[in-house]
Amino acid sequence: MSTAKFITELDAHEVFVFGSNAAGAHGAGAARTAYEKFGAVWGEGHGHHGQSYAIDTMSGFDELAAEVSRFCTYATTRSELTFLVTEVGCGIAGYAPEQVAPLFVGAPGNVELPESFERVIRPRT
């Protein structure tokens with residue numbers, strides 16, 4: 001299942017997963033939405049806060065890959081939650097879905113990816 005392009009509200013068990021910078025300056029895009037609506041903490045650029053989960057997408061691709069791996073590990077420990085992943089890394093960070101989506105291969109079942117990532121990981125034949 002894939003997440004909607006624009007998430008504006010969450011159920012109690014849902015978590016908004018967004019791309020951040022290491023400093024946690026959530027000034028624009030999905031990061032701003034996370035800060036204004038879903039409990040992201042200014043100054044915290046990593047991890048679970050409120051109904052949001054920050055993935056550092058601005059510190060290079062290797063760090064992005066490490067952050068996605070940590071996120072997937074975390075999601076396996078929180079099976080009662082559903083994690084709605086936005087197009088992390090595909091905005092200001094400048095990566096394409098074709099680059100980022102493969103990082104989510106093997107993500108647990110409680111992680112819902114955007115359609116653009118799903119198309120890369122599970123192309124229709």
# chains A, B, ... in the order shown; residues from 1 in each chain; ligands from 1
call {"tool": "select_by_dssp", "arguments": {"residues": "chain A", "states": "alpha helix (DSSP H)", "output": "JSON, numbers by chain"}}
result
{"A": [29, 30, 31, 32, 33, 34, 35, 36, 37, 61, 62, 63, 64, 65, 66, 67, 68, 69, 70, 71, 72, 73, 74, 75, 76, 77, 97, 98, 99, 100, 115, 116, 117, 118, 119, 120, 121]}
call {"tool": "write_last_selection", "arguments": {"atoms": "N, CA and C atoms", "output": "CSV table (one decimal), in the first residue's frame"}}
result
chain,number,residue,atom,x,y,z
A,29,GLY,N,8.7,22.4,3.2
A,29,GLY,CA,8.2,21.1,2.7
A,29,GLY,C,7.6,20.2,3.8
A,30,ALA,N,7.9,18.9,3.6
A,30,ALA,CA,7.4,17.9,4.6
A,30,ALA,C,7.9,18.2,6.0
A,31,ALA,N,9.1,18.7,6.1
A,31,ALA,CA,9.7,18.9,7.4
A,31,ALA,C,8.8,20.0,8.2
A,32,ARG,N,8.5,21.0,7.5
A,32,ARG,CA,7.6,22.0,8.1
A,32,ARG,C,6.3,21.5,8.5
A,33,THR,N,5.7,20.7,7.6
A,33,THR,CA,4.4,20.0,7.9
A,33,THR,C,4.6,19.2,9.2
A,34,ALA,N,5.7,18.4,9.3
A,34,ALA,CA,5.9,17.6,10.5
A,34,ALA,C,6.0,18.4,11.7
A,35,TYR,N,6.7,19.6,11.6
A,35,TYR,CA,6.8,20.5,12.7
A,35,TYR,C,5.5,21.1,13.1
A,36,GLU,N,4.8,21.6,12.1
A,36,GLU,CA,3.5,22.3,12.4
A,36,GLU,C,2.4,21.4,12.8
A,37,LYS,N,2.3,20.2,12.3
A,37,LYS,CA,1.1,19.4,12.5
A,37,LYS,C,1.4,18.1,13.3
A,61,PHE,N,24.5,10.9,0.7
A,61,PHE,CA,23.8,9.7,0.4
A,61,PHE,C,24.1,8.5,1.4
A,62,ASP,N,25.3,8.4,1.8
A,62,ASP,CA,25.7,7.3,2.7
A,62,ASP,C,25.0,7.5,4.1
A,63,GLU,N,24.9,8.7,4.5
A,63,GLU,CA,24.1,9.0,5.8
A,63,GLU,C,22.6,8.8,5.6
A,64,LEU,N,22.1,9.1,4.5
A,64,LEU,CA,20.7,8.9,4.2
A,64,LEU,C,20.4,7.4,4.2
A,65,ALA,N,21.3,6.6,3.6
A,65,ALA,CA,21.2,5.1,3.6
A,65,ALA,C,21.2,4.6,5.1
A,66,ALA,N,22.1,5.1,5.9
A,66,ALA,CA,22.3,4.7,7.3
A,66,ALA,C,21.0,5.0,8.0
A,67,GLU,N,20.5,6.2,7.8
A,67,GLU,CA,19.3,6.7,8.5
A,67,GLU,C,18.1,5.8,8.1
A,68,VAL,N,17.9,5.5,6.9
A,68,VAL,CA,16.8,4.6,6.4
A,68,VAL,C,16.9,3.2,7.1
A,69,SER,N,18.1,2.7,7.2
A,69,SER,CA,18.4,1.4,7.8
A,69,SER,C,18.0,1.5,9.3
A,70,ARG,N,18.4,2.6,10.0
A,70,ARG,CA,18.0,2.7,11.4
A,70,ARG,C,16.5,2.8,11.5
A,71,PHE,N,15.9,3.6,10.6
A,71,PHE,CA,14.4,3.7,10.6
A,71,PHE,C,13.7,2.4,10.5
A,72,CYS,N,14.1,1.6,9.5
A,72,CYS,CA,13.5,0.3,9.3
A,72,CYS,C,13.7,-0.6,10.5
A,73,THR,N,14.8,-0.6,11.1
A,73,THR,CA,15.0,-1.4,12.3
A,73,THR,C,14.1,-0.9,13.4
A,74,TYR,N,14.0,0.4,13.6
A,74,TYR,CA,13.0,1.0,14.6
A,74,TYR,C,11.6,0.6,14.3
A,75,ALA,N,11.2,0.7,13.0
A,75,ALA,CA,9.8,0.3,12.7
A,75,ALA,C,9.5,-1.1,13.0
A,76,THR,N,10.4,-2.0,12.9
A,76,THR,CA,10.2,-3.4,13.3
A,76,THR,C,9.9,-3.6,14.8
A,77,THR,N,10.4,-2.7,15.6
A,77,THR,CA,10.2,-2.7,17.0
A,77,THR,C,8.8,-2.1,17.4
A,97,PRO,N,13.5,9.4,-6.9
A,97,PRO,CA,13.0,8.1,-6.3
A,97,PRO,C,13.8,6.9,-6.7
A,98,GLU,N,14.3,6.9,-7.9
A,98,GLU,CA,15.1,5.7,-8.3
A,98,GLU,C,16.3,5.5,-7.4
A,99,GLN,N,16.8,6.5,-6.8
A,99,GLN,CA,18.0,6.4,-5.9
A,99,GLN,C,17.6,6.0,-4.5
A,100,VAL,N,16.5,6.6,-4.0
A,100,VAL,CA,16.1,6.5,-2.6
A,100,VAL,C,15.3,5.2,-2.4
A,115,GLU,N,3.9,6.3,-3.7
A,115,GLU,CA,3.7,5.6,-4.9
A,115,GLU,C,5.0,5.6,-5.8
A,116,SER,N,5.7,6.7,-5.8
A,116,SER,CA,6.9,6.9,-6.6
A,116,SER,C,7.9,5.9,-6.2
A,117,PHE,N,8.0,5.5,-4.9
A,117,PHE,CA,9.0,4.5,-4.4
A,117,PHE,C,8.5,3.1,-4.7
A,118,GLU,N,7.2,2.9,-4.6
A,118,GLU,CA,6.6,1.6,-4.9
A,118,GLU,C,6.8,1.3,-6.4
A,119,ARG,N,6.7,2.2,-7.2
A,119,ARG,CA,6.9,2.0,-8.7
A,119,ARG,C,8.3,1.5,-8.9
A,120,VAL,N,9.3,2.0,-8.2
A,120,VAL,CA,10.7,1.6,-8.4
A,120,VAL,C,10.9,0.2,-7.8
A,121,ILE,N,10.4,0.0,-6.6
A,121,ILE,CA,10.6,-1.3,-5.9
A,121,ILE,C,9.8,-2.4,-6.4
call {"tool": "residues_around", "arguments": {"residues": "Gly94 (chain A)", "least_positions_apart": "2", "cutoff": "12 Å", "atoms": "only C-alpha atoms", "output": "PDB file with N, CA, C and O atoms, in the first residue's frame"}}
result
ATOM      1  N   GLY A  19      11.826  13.810   5.445  1.00  0.00           N
ATOM      2  CA  GLY A  19      13.232  14.137   5.308  1.00  0.00           C
ATOM      3  C   GLY A  19      13.563  15.402   6.071  1.00  0.00           C
ATOM      4  O   GLY A  19      12.821  16.382   6.029  1.00  0.00           O
ATOM      5  N   THR A  57      18.298  13.654   5.417  1.00  0.00           N
ATOM      6  CA  THR A  57      18.513  13.461   3.981  1.00  0.00           C
ATOM      7  C   THR A  57      19.554  14.429   3.432  1.00  0.00           C
ATOM      8  O   THR A  57      19.860  14.374   2.244  1.00  0.00           O
ATOM      9  N   MET A  58      20.084  15.294   4.266  1.00  0.00           N
ATOM     10  CA  MET A  58      20.935  16.387   3.798  1.00  0.00           C
ATOM     11  C   MET A  58      22.426  16.213   4.111  1.00  0.00           C
ATOM     12  O   MET A  58      23.212  17.103   3.826  1.00  0.00           O
ATOM     13  N   SER A  59      22.810  15.104   4.676  1.00  0.00           N
ATOM     14  CA  SER A  59      24.208  14.898   5.072  1.00  0.00           C
ATOM     15  C   SER A  59      24.940  13.920   4.158  1.00  0.00           C
ATOM     16  O   SER A  59      25.918  13.298   4.569  1.00  0.00           O
ATOM     17  N   GLY A  60      24.459  13.758   2.942  1.00  0.00           N
ATOM     18  CA  GLY A  60      25.073  12.861   1.974  1.00  0.00           C
ATOM     19  C   GLY A  60      24.317  11.551   1.858  1.00  0.00           C
ATOM     20  O   GLY A  60      23.579  11.149   2.766  1.00  0.00           O
ATOM     21  N   PHE A  61      24.519  10.890   0.721  1.00  0.00           N
ATOM     22  CA  PHE A  61      23.754   9.676   0.437  1.00  0.00           C
ATOM     23  C   PHE A  61      24.078   8.542   1.405  1.00  0.00           C
ATOM     24  O   PHE A  61      23.187   7.792   1.804  1.00  0.00           O
ATOM     25  N   GLU A  87       8.223  11.278   0.316  1.00  0.00           N
ATOM     26  CA  GLU A  87       9.323  11.099  -0.641  1.00  0.00           C
ATOM     27  C   GLU A  87      10.623  11.653  -0.048  1.00  0.00           C
ATOM     28  O   GLU A  87      11.204  12.615  -0.551  1.00  0.00           O
ATOM     29  N   VAL A  88      11.099  11.013   1.015  1.00  0.00           N
ATOM     30  CA  VAL A  88      12.298  11.485   1.702  1.00  0.00           C
ATOM     31  C   VAL A  88      13.472  11.556   0.727  1.00  0.00           C
ATOM     32  O   VAL A  88      13.694  10.650  -0.063  1.00  0.00           O
ATOM     33  N   GLY A  89      14.173  12.666   0.776  1.00  0.00           N
ATOM     34  CA  GLY A  89      15.347  12.848  -0.061  1.00  0.00           C
ATOM     35  C   GLY A  89      15.067  13.342  -1.463  1.00  0.00           C
ATOM     36  O   GLY A  89      16.000  13.664  -2.199  1.00  0.00           O
ATOM     37  N   CYS A  90      13.814  13.429  -1.849  1.00  0.00           N
ATOM     38  CA  CYS A  90      13.469  13.766  -3.229  1.00  0.00           C
ATOM     39  C   CYS A  90      13.044  15.220  -3.404  1.00  0.00           C
ATOM     40  O   CYS A  90      12.620  15.611  -4.489  1.00  0.00           O
ATOM     41  N   GLY A  91      13.168  16.011  -2.378  1.00  0.00           N
ATOM     42  CA  GLY A  91      12.862  17.431  -2.479  1.00  0.00           C
ATOM     43  C   GLY A  91      14.159  18.217  -2.535  1.00  0.00           C
ATOM     44  O   GLY A  91      14.974  18.040  -3.437  1.00  0.00           O
ATOM     45  N   ILE A  92      14.381  19.002  -1.517  1.00  0.00           N
ATOM     46  CA  ILE A  92      15.555  19.866  -1.467  1.00  0.00           C
ATOM     47  C   ILE A  92      16.879  19.079  -1.457  1.00  0.00           C
ATOM     48  O   ILE A  92      17.900  19.563  -1.935  1.00  0.00           O
ATOM     49  N   ALA A  96      16.561  11.351  -6.642  1.00  0.00           N
ATOM     50  CA  ALA A  96      15.404  10.858  -7.387  1.00  0.00           C
ATOM     51  C   ALA A  96      14.840   9.630  -6.683  1.00  0.00           C
ATOM     52  O   ALA A  96      15.579   8.913  -5.990  1.00  0.00           O
ATOM     53  N   PRO A  97      13.539   9.363  -6.865  1.00  0.00           N
ATOM     54  CA  PRO A  97      12.964   8.147  -6.278  1.00  0.00           C
ATOM     55  C   PRO A  97      13.756   6.888  -6.656  1.00  0.00           C
ATOM     56  O   PRO A  97      13.886   5.975  -5.844  1.00  0.00           O
ATOM     57  N   GLU A  98      14.299   6.858  -7.865  1.00  0.00           N
ATOM     58  CA  GLU A  98      15.071   5.693  -8.303  1.00  0.00           C
ATOM     59  C   GLU A  98      16.323   5.477  -7.446  1.00  0.00           C
ATOM     60  O   GLU A  98      16.826   4.359  -7.350  1.00  0.00           O
ATOM     61  N   GLN A  99      16.817   6.533  -6.815  1.00  0.00           N
ATOM     62  CA  GLN A  99      17.983   6.426  -5.941  1.00  0.00           C
ATOM     63  C   GLN A  99      17.585   6.039  -4.516  1.00  0.00           C
ATOM     64  O   GLN A  99      18.268   5.242  -3.880  1.00  0.00           O
ATOM     65  N   VAL A 100      16.499   6.626  -4.021  1.00  0.00           N
ATOM     66  CA  VAL A 100      16.126   6.464  -2.621  1.00  0.00           C
ATOM     67  C   VAL A 100      15.283   5.220  -2.376  1.00  0.00           C
ATOM     68  O   VAL A 100      15.484   4.514  -1.384  1.00  0.00           O
TER      69      VAL A 100
END
call {"tool": "atom_distance", "arguments": {"atom1": "CA of Phe83 (chain A)", "atom2": "CA of Pro123 (chain A)"}}
result
21.5 Å
call {"tool": "residues_around", "arguments": {"residues": "Leu10 (chain A)", "least_positions_apart": "4", "cutoff": "9 Å", "atoms": "only C-alpha atoms", "output": "list in words"}}
result
Glu14, Val15, Phe16, Phe38 and Gln51 of chain A
call {"tool": "closest_residue", "arguments": {"among": "A:Leu103, A:Ala93, A:Leu84, A:Ala40", "to": "Asn21 (chain A)", "atoms": "only C-alpha atoms"}}
result
A:Ala93
call {"tool": "select_by_dssp", "arguments": {"residues": "chain A", "states": "strand (DSSP E or B)", "output": "ChimeraX atom specification"}}
result
/A:2-3,14-20,47-49,52-56,82-85,111-114
call {"tool": "write_last_selection", "arguments": {"atoms": "N, CA and C atoms", "output": "CSV table (one decimal), in the first residue's frame"}}
result
chain,number,residue,atom,x,y,z
A,2,SER,N,0.5,2.3,-0.6
A,2,SER,CA,1.3,3.5,-0.7
A,2,SER,C,0.6,4.7,-0.1
A,3,THR,N,1.4,5.6,0.4
A,3,THR,CA,0.8,6.8,1.1
A,3,THR,C,0.3,7.8,0.1
A,14,GLU,N,-0.7,6.3,13.5
A,14,GLU,CA,0.1,6.6,12.3
A,14,GLU,C,1.3,7.6,12.6
A,15,VAL,N,2.4,7.5,11.9
A,15,VAL,CA,3.6,8.3,12.1
A,15,VAL,C,4.0,8.9,10.7
A,16,PHE,N,4.2,10.1,10.6
A,16,PHE,CA,4.6,10.9,9.4
A,16,PHE,C,6.1,10.8,9.3
A,17,VAL,N,6.6,10.2,8.3
A,17,VAL,CA,8.1,10.0,8.1
A,17,VAL,C,8.5,11.0,7.0
A,18,PHE,N,9.5,11.9,7.4
A,18,PHE,CA,9.9,13.0,6.5
A,18,PHE,C,11.4,13.1,6.5
A,19,GLY,N,11.8,13.8,5.4
A,19,GLY,CA,13.2,14.1,5.3
A,19,GLY,C,13.6,15.4,6.1
A,20,SER,N,14.7,15.4,6.8
A,20,SER,CA,15.1,16.5,7.6
A,20,SER,C,16.6,16.8,7.3
A,47,GLY,N,15.0,10.7,14.1
A,47,GLY,CA,14.2,9.9,15.0
A,47,GLY,C,12.7,10.3,15.2
A,48,HIS,N,12.1,9.6,16.1
A,48,HIS,CA,10.7,9.7,16.4
A,48,HIS,C,10.4,10.8,17.5
A,49,HIS,N,9.5,11.7,17.1
A,49,HIS,CA,9.1,12.7,18.0
A,49,HIS,C,7.6,13.0,17.7
A,52,SER,N,5.8,12.0,14.3
A,52,SER,CA,6.7,12.2,13.2
A,52,SER,C,8.0,11.4,13.4
A,53,TYR,N,8.6,11.1,12.3
A,53,TYR,CA,9.9,10.4,12.4
A,53,TYR,C,10.8,11.1,11.3
A,54,ALA,N,11.9,11.7,11.8
A,54,ALA,CA,12.8,12.5,10.9
A,54,ALA,C,14.0,11.6,10.4
A,55,ILE,N,14.2,11.7,9.1
A,55,ILE,CA,15.3,11.0,8.5
A,55,ILE,C,16.2,12.0,7.9
A,56,ASP,N,17.5,12.1,8.3
A,56,ASP,CA,18.4,13.1,7.8
A,56,ASP,C,18.7,12.8,6.3
A,82,THR,N,1.9,2.5,12.3
A,82,THR,CA,2.0,2.5,10.8
A,82,THR,C,2.8,3.8,10.4
A,83,PHE,N,3.9,3.6,9.7
A,83,PHE,CA,4.8,4.6,9.3
A,83,PHE,C,4.5,5.0,7.9
A,84,LEU,N,4.0,6.3,7.7
A,84,LEU,CA,3.7,6.8,6.4
A,84,LEU,C,4.9,7.6,5.8
A,85,VAL,N,5.6,7.0,4.9
A,85,VAL,CA,6.9,7.6,4.4
A,85,VAL,C,6.5,8.6,3.3
A,111,VAL,N,5.4,-0.2,7.3
A,111,VAL,CA,5.9,1.0,6.6
A,111,VAL,C,5.2,1.1,5.2
A,112,GLU,N,4.5,2.2,5.0
A,112,GLU,CA,3.9,2.5,3.8
A,112,GLU,C,4.7,3.5,3.0
A,113,LEU,N,5.0,3.2,1.8
A,113,LEU,CA,5.9,4.0,0.9
A,113,LEU,C,5.0,4.8,-0.1
A,114,PRO,N,5.6,6.0,-0.5
A,114,PRO,CA,4.9,6.7,-1.5
A,114,PRO,C,4.8,6.0,-2.8
call {"tool": "atom_distance", "arguments": {"atom1": "CA of His13 (chain A)", "atom2": "CA of Ser79 (chain A)"}}
result
9.9 Å
call {"tool": "atom_distance", "arguments": {"atom1": "CA of Ala23 (chain A)", "atom2": "CA of Gly45 (chain A)"}}
result
5.4 Å
call {"tool": "closest_residue", "arguments": {"among": "A:Ala12, A:Ala107, A:Ala22, A:Leu81", "to": "Trp42 (chain A)", "atoms": "only C-alpha atoms"}}
result
A:Ala22
